[in-house]
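Enquirer: The structure file target29.txt (compact mmCIF, C-alpha atoms and all ligand atoms) is provided below.
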# COMPACT_ATOMS: atom_id res chain seq x y z
CA MET A 1 0.00 0.00 0.00
CA PRO A 2 1.61 3.34 -1.04
CA ARG A 3 1.54 5.65 1.96
CA LEU A 4 1.73 9.39 2.52
CA GLY A 5 1.57 11.45 5.69
CA VAL A 6 2.21 14.63 7.59
CA LEU A 7 5.09 14.83 10.07
CA GLY A 8 4.53 17.28 12.92
CA TRP A 9 4.52 17.73 16.69
CA PRO A 10 1.70 18.21 17.49
CA VAL A 11 -0.18 17.22 14.37
CA ALA A 12 -3.56 16.08 15.72
CA HIS A 13 -5.44 19.04 14.26
CA SER A 14 -3.90 18.93 10.79
CA ARG A 15 -6.43 19.12 7.95
CA SER A 16 -3.99 17.50 5.52
CA PRO A 17 -5.24 13.89 5.99
CA ALA A 18 -8.82 14.92 5.12
CA ILE A 19 -7.65 16.95 2.13
CA HIS A 20 -5.34 14.29 0.67
CA ASN A 21 -7.53 11.26 1.38
CA ALA A 22 -10.41 13.02 -0.40
CA ALA A 23 -8.14 13.61 -3.39
CA LEU A 24 -6.95 9.97 -3.43
CA ALA A 25 -10.55 8.73 -3.27
CA ALA A 26 -11.67 11.09 -6.06
CA LEU A 27 -8.94 9.75 -8.35
CA GLY A 28 -9.74 6.09 -7.53
CA MET A 29 -6.34 5.60 -5.85
CA ASP A 30 -7.93 3.25 -3.35
CA SER A 31 -4.77 1.49 -2.18
CA TRP A 32 -3.14 4.77 -1.11
CA ARG A 33 -3.44 6.21 2.40
CA TYR A 34 -2.41 9.58 3.93
CA GLN A 35 -2.00 9.63 7.71
CA ARG A 36 -0.88 11.79 10.63
CA LEU A 37 2.68 11.13 11.76
CA PRO A 38 3.13 12.64 15.24
CA VAL A 39 6.90 12.70 15.77
CA PRO A 40 8.76 14.64 18.47
CA PRO A 41 11.87 16.57 17.39
CA ALA A 42 14.31 14.11 18.99
CA LEU A 43 12.93 11.26 16.83
CA PHE A 44 12.43 13.21 13.59
CA ALA A 45 15.54 12.13 11.67
CA GLN A 46 15.43 8.42 12.49
CA THR A 47 11.65 8.15 11.98
CA THR A 48 11.74 10.00 8.68
CA ARG A 49 14.58 7.85 7.33
CA ALA A 50 12.63 4.74 8.36
CA LEU A 51 9.54 5.89 6.44
CA ALA A 52 11.45 5.51 3.18
CA GLY A 53 11.70 1.75 3.66
CA SER A 54 8.16 1.34 4.98
CA GLY A 55 6.09 1.97 1.88
CA PHE A 56 5.99 5.76 2.21
CA VAL A 57 6.15 7.68 -1.06
CA GLY A 58 6.26 11.09 0.56
CA ALA A 59 5.38 13.26 3.52
CA ASN A 60 4.35 16.79 4.29
CA VAL A 61 6.28 18.45 7.08
CA THR A 62 4.87 20.97 9.51
CA ILE A 63 5.81 22.71 12.77
CA PRO A 64 8.45 22.29 14.14
CA HIS A 65 10.27 20.11 11.60
CA LYS A 66 10.54 22.15 8.38
CA GLN A 67 14.19 23.14 8.86
CA ALA A 68 15.16 19.67 10.04
CA ALA A 69 13.49 18.22 6.94
CA LEU A 70 15.69 20.33 4.70
CA ALA A 71 18.82 19.34 6.64
CA LEU A 72 17.98 15.64 6.42
CA ALA A 73 17.19 15.52 2.70
CA THR A 74 19.68 14.14 0.18
CA ARG A 75 18.81 16.92 -2.25
CA ALA A 76 16.66 20.02 -2.17
CA SER A 77 15.06 22.33 -4.69
CA GLU A 78 16.39 25.84 -5.19
CA ALA A 79 13.27 27.24 -3.48
CA ALA A 80 13.67 25.06 -0.38
CA GLN A 81 17.34 26.00 -0.11
CA ALA A 82 16.69 29.72 -0.51
CA ILE A 83 13.83 29.65 2.01
CA GLY A 84 15.79 27.43 4.42
CA ALA A 85 12.89 25.04 5.03
CA ALA A 86 11.03 22.16 3.37
CA ASN A 87 7.38 21.20 3.76
CA THR A 88 7.42 18.28 1.31
CA LEU A 89 9.67 15.21 1.29
CA THR A 90 9.67 12.59 -1.46
CA PHE A 91 11.18 9.15 -0.78
CA CYS A 92 12.69 8.10 -4.10
CA ASP A 93 13.18 4.53 -5.38
CA ASP A 94 16.98 4.88 -5.24
CA GLY A 95 16.80 5.58 -1.48
CA THR A 96 17.34 9.32 -1.74
CA ILE A 97 15.09 11.87 -0.04
CA ALA A 98 14.14 14.98 -2.04
CA ALA A 99 13.04 18.18 -0.30
CA GLU A 100 10.69 20.78 -1.76
CA ASN A 101 8.88 23.83 -0.43
CA THR A 102 5.35 24.06 -1.80
CA ASP A 103 4.32 26.75 0.74
CA ALA A 104 5.85 29.38 -1.55
CA PRO A 105 4.17 28.45 -4.88
CA GLY A 106 1.05 27.55 -2.87
CA LEU A 107 0.77 31.12 -1.67
CA ILE A 108 1.09 32.44 -5.24
CA ALA A 109 -1.48 29.91 -6.48
CA ALA A 110 -3.95 30.85 -3.72
CA LEU A 111 -3.44 34.54 -4.47
CA GLY A 112 -4.51 33.73 -8.02
CA ARG A 113 -8.07 33.52 -6.68
CA VAL A 114 -8.14 37.30 -6.29
CA LEU A 115 -5.22 38.63 -8.33
CA ASP A 116 -3.57 37.86 -11.70
CA SER A 117 -0.04 38.39 -10.37
CA PRO A 118 1.63 40.17 -7.44
CA ALA A 119 4.33 41.54 -9.81
CA HIS A 120 5.01 45.23 -9.16
CA LEU A 121 2.65 45.34 -6.18
CA ARG A 122 3.79 46.66 -2.80
CA ALA A 123 3.47 43.82 -0.28
CA LEU A 124 3.71 43.96 3.50
CA VAL A 125 4.41 40.64 5.22
CA LEU A 126 3.72 40.38 8.97
CA GLY A 127 5.93 37.88 10.82
CA ALA A 128 9.45 36.54 10.57
CA GLY A 129 9.02 32.83 11.31
CA GLY A 130 9.10 29.85 8.96
CA SER A 131 6.01 30.69 6.93
CA ALA A 132 7.05 34.34 6.56
CA ARG A 133 10.32 33.22 4.98
CA ALA A 134 8.43 31.19 2.34
CA VAL A 135 5.94 34.00 1.67
CA VAL A 136 8.60 36.72 1.42
CA TRP A 137 10.66 34.59 -0.96
CA ALA A 138 7.59 33.73 -3.10
CA LEU A 139 6.46 37.36 -3.39
CA ARG A 140 9.96 38.63 -4.12
CA GLU A 141 10.42 35.97 -6.83
CA ALA A 142 7.03 36.96 -8.30
CA GLY A 143 8.26 40.55 -8.68
CA ALA A 144 6.55 42.27 -5.73
CA ASP A 145 8.22 45.04 -3.72
CA VAL A 146 8.30 43.34 -0.30
CA ALA A 147 8.54 44.83 3.19
CA VAL A 148 8.48 42.77 6.38
CA TRP A 149 7.34 43.71 9.89
CA ASN A 150 7.68 41.57 13.00
CA ARG A 151 6.93 41.93 16.73
CA THR A 152 10.60 41.20 17.39
CA PRO A 153 12.27 43.62 14.96
CA GLU A 154 15.66 41.86 14.99
CA ARG A 155 14.08 38.79 13.42
CA ALA A 156 12.50 40.90 10.65
CA GLN A 157 15.86 42.52 10.00
CA ALA A 158 17.62 39.16 9.79
CA LEU A 159 14.97 37.78 7.40
CA ALA A 160 15.15 40.92 5.27
CA ARG A 161 18.95 40.63 5.05
CA ASP A 162 18.79 36.94 4.09
CA LEU A 163 16.16 37.38 1.40
CA GLY A 164 17.04 40.84 0.07
CA VAL A 165 13.89 42.73 1.08
CA ARG A 166 13.18 45.66 3.46
CA ALA A 167 12.42 45.40 7.19
CA VAL A 168 10.07 48.09 8.53
CA GLY A 169 9.58 49.29 12.10
CA ARG A 170 5.84 49.84 11.71
CA ALA A 171 3.12 48.55 9.41
CA GLU A 172 3.19 50.70 6.27
CA PRO A 173 0.50 50.99 3.56
CA ALA A 174 0.74 48.50 0.67
CA ASP A 175 -1.40 46.87 -2.00
CA LEU A 176 -1.16 43.43 -0.42
CA LEU A 177 -0.99 42.42 3.26
CA VAL A 178 -0.06 38.86 4.29
CA ASN A 179 -0.28 37.75 7.92
CA CYS A 180 2.34 35.08 8.64
CA THR A 181 2.17 35.37 12.44
CA SER A 182 0.10 33.08 14.62
CA VAL A 183 -2.04 36.01 15.83
CA GLY A 184 -5.72 35.14 15.34
CA LEU A 185 -5.24 31.42 15.86
CA GLU A 186 -6.78 31.34 19.32
CA ASP A 187 -10.37 32.19 19.91
CA SER A 188 -9.88 34.83 22.59
CA GLY A 189 -13.30 34.42 24.19
CA LEU A 190 -13.77 38.17 23.87
CA GLU A 191 -16.68 39.72 22.01
CA PRO A 192 -15.87 39.61 18.26
CA SER A 193 -15.22 43.36 18.01
CA ALA A 194 -12.94 43.43 21.09
CA SER A 195 -11.11 40.31 19.94
CA GLU A 196 -10.63 41.89 16.51
CA HIS A 197 -9.12 45.06 17.92
CA ARG A 198 -6.80 43.15 20.24
CA ALA A 199 -5.53 40.93 17.43
CA LEU A 200 -5.00 43.88 15.09
CA ASN A 201 -3.08 45.71 17.81
CA GLN A 202 -0.79 42.71 18.23
CA LEU A 203 -0.03 43.07 14.53
CA GLY A 204 0.81 46.75 14.90
CA LEU A 205 -2.38 47.73 13.04
CA GLY A 206 -5.53 49.68 13.83
CA PHE A 207 -8.97 48.86 12.34
CA ASP A 208 -9.00 51.92 10.04
CA GLN A 209 -5.52 51.12 8.74
CA ILE A 210 -6.79 47.83 7.27
CA GLY A 211 -8.59 49.94 4.66
CA GLU A 212 -5.14 50.76 3.20
CA TYR A 213 -4.75 47.23 1.78
CA SER A 214 -6.67 46.06 -1.30
CA TYR A 215 -5.71 42.39 -0.91
CA VAL A 216 -5.38 40.64 2.45
CA VAL A 217 -4.18 37.08 3.05
CA ASP A 218 -4.20 35.38 6.47
CA LEU A 219 -2.23 32.14 6.75
CA VAL A 220 -3.96 31.40 10.05
CA TYR A 221 -7.01 29.18 9.69
CA ARG A 222 -9.68 28.44 12.25
CA HIS A 223 -13.40 27.69 12.35
CA ARG A 224 -14.48 31.35 12.47
CA SER A 225 -13.07 34.09 10.25
CA THR A 226 -9.87 35.49 11.72
CA PRO A 227 -10.00 39.04 13.16
CA LEU A 228 -7.76 40.30 10.35
CA LEU A 229 -9.94 38.88 7.56
CA ALA A 230 -13.11 40.12 9.27
CA ALA A 231 -11.66 43.66 9.36
CA ALA A 232 -10.41 43.39 5.76
CA ARG A 233 -13.83 42.28 4.52
CA ALA A 234 -15.48 45.11 6.43
CA HIS A 235 -13.28 47.49 4.41
CA GLY A 236 -14.14 45.78 1.11
CA ALA A 237 -10.72 44.18 0.53
CA SER A 238 -10.30 40.98 -1.51
CA THR A 239 -9.30 38.25 0.92
CA VAL A 240 -7.69 34.81 0.87
CA ASP A 241 -7.92 32.61 3.96
CA GLY A 242 -5.43 30.12 5.37
CA LEU A 243 -7.36 27.06 4.22
CA GLU A 244 -7.10 28.19 0.61
CA VAL A 245 -3.31 28.44 1.03
CA LEU A 246 -3.20 25.06 2.78
CA VAL A 247 -5.14 23.44 -0.07
CA ALA A 248 -2.93 25.08 -2.71
CA GLN A 249 0.35 23.86 -1.14
CA GLY A 250 -1.19 20.41 -0.57
CA ALA A 251 -2.26 20.16 -4.20
CA LEU A 252 1.31 20.85 -5.34
CA SER A 253 2.71 18.20 -2.96
CA PHE A 254 0.08 15.70 -4.13
CA ALA A 255 1.08 16.20 -7.79
CA LEU A 256 4.77 15.72 -6.93
CA TRP A 257 4.18 12.38 -5.18
CA THR A 258 1.55 10.87 -7.47
CA GLY A 259 2.32 12.41 -10.86
CA ARG A 260 -1.41 13.18 -11.07
CA GLN A 261 -3.08 16.55 -11.27
CA ALA A 262 -4.63 17.23 -7.86
CA PRO A 263 -8.43 17.56 -7.80
CA LEU A 264 -8.40 21.05 -6.33
CA GLN A 265 -12.12 21.50 -5.74
CA VAL A 266 -12.39 18.10 -4.01
CA MET A 267 -9.51 19.08 -1.73
CA ARG A 268 -11.05 22.47 -1.03
CA ASP A 269 -14.44 20.91 -0.18
CA ALA A 270 -12.72 18.48 2.22
CA ALA A 271 -10.80 21.28 3.92
CA TYR A 272 -13.88 23.42 4.47
CA SER A 273 -16.14 20.53 5.52
CA GLU A 274 -13.58 19.70 8.24
CA ASP A 275 -13.90 23.36 9.13
CA GLN A 276 -17.59 22.91 9.84
CA ALA A 277 -16.85 19.92 12.05
CA ILE A 278 -14.80 21.72 14.72
P1 LIG B 301 6.61 30.52 13.61
O1 LIG B 301 7.82 30.19 12.82
O2 LIG B 301 6.48 30.01 15.00
O3 LIG B 301 6.48 32.14 13.64
C1 LIG B 301 5.50 32.77 14.44
C2 LIG B 301 5.44 34.26 14.11
O4 LIG B 301 4.32 34.81 14.80
C3 LIG B 301 6.67 35.07 14.55
O5 LIG B 301 6.90 36.09 13.61
C4 LIG B 301 6.19 35.65 15.89
O6 LIG B 301 6.82 36.86 16.24
C5 LIG B 301 4.74 35.93 15.57
N1 LIG B 301 3.90 36.02 16.76
C6 LIG B 301 3.54 35.01 17.60
N2 LIG B 301 2.74 35.49 18.58
C7 LIG B 301 2.61 36.82 18.38
C8 LIG B 301 1.90 37.87 19.05
N3 LIG B 301 1.18 37.62 20.16
N4 LIG B 301 1.97 39.12 18.56
C9 LIG B 301 2.69 39.38 17.44
N5 LIG B 301 3.39 38.44 16.74
C10 LIG B 301 3.35 37.17 17.21
O7 LIG B 301 5.28 30.04 12.88
P2 LIG B 301 5.02 29.81 11.29
O8 LIG B 301 5.39 28.42 10.92
O9 LIG B 301 5.62 30.94 10.53
O10 LIG B 301 3.41 29.87 11.25
C11 LIG B 301 2.71 31.08 11.53
C12 LIG B 301 1.21 30.85 11.35
O11 LIG B 301 0.91 30.52 10.00
C13 LIG B 301 0.66 29.70 12.20
O12 LIG B 301 -0.61 30.06 12.69
C14 LIG B 301 0.53 28.56 11.21
O13 LIG B 301 -0.50 27.65 11.58
C15 LIG B 301 0.15 29.32 9.95
N6 LIG B 301 0.54 28.60 8.73
C16 LIG B 301 -0.44 28.34 7.81
C17 LIG B 301 -0.10 27.72 6.61
C18 LIG B 301 -1.17 27.47 5.59
O14 LIG B 301 -0.95 26.70 4.66
N7 LIG B 301 -2.33 28.11 5.71
C19 LIG B 301 1.23 27.33 6.35
C20 LIG B 301 2.20 27.61 7.32
C21 LIG B 301 1.84 28.25 8.50
P3 LIG B 301 8.18 36.89 17.14
O15 LIG B 301 9.31 36.64 16.18
O16 LIG B 301 8.17 38.24 17.71
O17 LIG B 301 8.02 35.79 18.16
As structure tokens, how would this structure be written, given the file I've shared?
Ligand code: NAP
Expert:
Amino acid sequence: MPRLGVLGWPVAHSRSPAIHNAALAALGMDSWRYQRLPVPPALFAQTTRALAGSGFVGANVTIPHKQAALALATRASEAAQAIGAANTLTFCDDGTIAAENTDAPGLIAALGRVLDSPAHLRALVLGAGGSARAVVWALREAGADVAVWNRTPERAQALARDLGVRAVGRAEPADLLVNCTSVGLEDSGLEPSASEHRALNQLGLGFDQIGEYSYVVDLVYRHRSTPLLAAARAHGASTVDGLEVLVAQGALSFALWTGRQAPLQVMRDAAYSEDQAI
């Protein structure tokens, strides 16, 4: 049985199994299975190497293993090397492990829902963690003028130096805003309006400022709209949510492993129906 999975710690809430198993079923690939692979950091390398000899064709990689996945791979794409992280491993027949980063092209593909191309647009990226690195690299490669803001400015400066973009000390106006922080993940328990203001403040933004961005993407996904996307919609911006980005990167990984075109709408339906379930 060809197997696929997602390596993470924790990984219990990952939507990837639902998304990929729906795609496998839609394409009649009944002998394939995609499963959660909860692996603590200390066991990541040995477990991942063992997957190769256990019928696994490939694996997605999520927090906190994306850098370790790149380090472990036998070879890595130019994108994964430039970003410094891999979210997709392929276990090849010759025993080698190939690393790819589909977060970056996934972001560009998801943006395609609202925008032909980010080329020549001014983009502000919030955050300086793993996903911010992929997003900054993707937007820069696509020809956008990219600035990055982070709560801890030194991390934004380091990311900006590595990837050849600008770090900014406060959120500046732009055409496109992408939230790559984890702000908005937790349901605060506050009234929606109070929760929205608190989350925006954590991002160095006020409610009125959100009107300065025509396109807003939030990588965070949860069962209710995030505070950032709620504010963006209130201002009439075109928005892309985190599930759309998750589906887009998953579709690219799926095509790499199976050689088949991913059934995007099936994957999207599975992602959002899981959303209803929580
Ligand atoms: P990460 O490497 O841990 O980075 C977290 C970032 O969030 C850092 O920039 C951190 O700032 C910032 N942050 C955390 N708490 C904050 C707060 N209270 N106020 C302001 N900034 C705060 O995480 P990641 O891998 O980049 O992931 C970030 C988010 O994106 C997560 O919610 C993840 O689930 C989501 N994500 C979604 C997708 C998708 O496909 N939709 C893909 C990847 C990630 P400091 O540097 O100051 O700590």
Enquirer: Counting only C-alpha atoms, figure out which residue out of A:Asp208, A:Ala86, A:Leu177, A:Ser193 gets nearest to Leu126 of chain A.
Expert: A:Leu177
Enquirer: Using all atoms listed in the file, which residue out of A:Trp149, A:Trp257, A:Phe56, A:Tyr272 lies closest to ligand LIG 301 (chain B)?
Expert: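 Once distances to ligand LIG 301 (chain B) are computed over all atoms listed in the file, the minimum belongs to A:Trp149.
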Enquirer: Collect all residues with atoms no farther than 9 Å from ligand LIG 301 (chain B), counting only C-alpha atoms and all ligand atoms, and output them as an MDAnalysis selection string.
Expert: chainID A and resid 62:64 66 87 103 106:107 126:134 149:156 179:185 199 201:204 218:221 241:250
Enquirer: Hey, which of A:Leu205, A:Cys92, A:Met267, A:Ala99 ends up closest to Phe254 of chain A? Count all atoms listed in the file.
Expert: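 Counting all atoms listed in the file, the residue closest to Phe254 of chain A is A:Met267.
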Enquirer: Write out as a PyMOL selection string each polymer residue whose atoms come within 7 Å of Val6 of chain A, counting all atoms listed in the file; drop sequence neighbours fewer than 4 positions from it.
Expert: chain A and resi 35-37+59-61
Enquirer: Extract, using all atoms listed in the file, all DNA, RNA and protein residues at most 8 Å from Asp145 of chain A, discarding same-chain residues fewer than 3 positions from it, and format them as number ranges by chain.
Expert: A: 120-123, 139-140, 165
Enquirer: Using Å and a single decimal, report how far atom CA of Ser31 of chain A sits from atom CA of Ser54 of chain A.
Expert: 14.8 Å
Enquirer: Once you count only C-alpha atoms, which residues end up no further than 12 Å from (-9.6, 13.8, -12.8) in the file's frame, shown as an NGL selection string?
Expert: :A and (23-29 or 260-266)
Enquirer: Quick one: distance from atom CA of Arg198 of chain A to atom CA of Ala147 of chain A in Å, one decimal?
Expert: 23.0 Å
Enquirer: Nearest to Ser253 of chain A: which of A:Gln46, A:Ser77, A:Gln67, A:Thr90 is it, counting only C-alpha atoms?
Expert: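 With only C-alpha atoms as the atom set, the closest residue is A:Thr90.
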Enquirer: For segment 233-236 of chain A, list every protein, DNA or RNA residue within 9 Å, evaluated using all atoms listed in the file, and leave out those in the same chain fewer than 2 positions away; present the list as a PyMOL selection string.
Expert: chain A and resi 208+210-214+216+228-231+238-239
Enquirer: Kindly indicate which residue among A:Val178, A:Thr102, A:Ala270, A:Ala69 lies nearest to Ala232 of chain A, using all atoms listed in the file for the distances.
Expert: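 Closest to Ala232 of chain A of all the choices is A:Val178.
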Enquirer: May I ask for the distance between atom CA of Ser14 of chain A and atom CA of Leu89 of chain A, given in Å to one decimal place?
Expert: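 Taking atom CA of Ser14 of chain A as the start and atom CA of Leu89 of chain A as the end point, the length is 17.0 Å.
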Enquirer: Go through A:Leu256, A:Tyr215, A:His65, A:Pro173 and flag the residue nearest Leu43 of chain A, using all atoms listed in the file for the distances.
Expert: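 Among the listed residues, A:His65 lies closest to Leu43 of chain A.
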Enquirer: Please write as a count of residues only the list of polymer residues whose atoms come within 10 Å of (15.0, 18.5, -2.2), counting all atoms listed in the file and keeping to the coordinates of the file.
Expert: 24
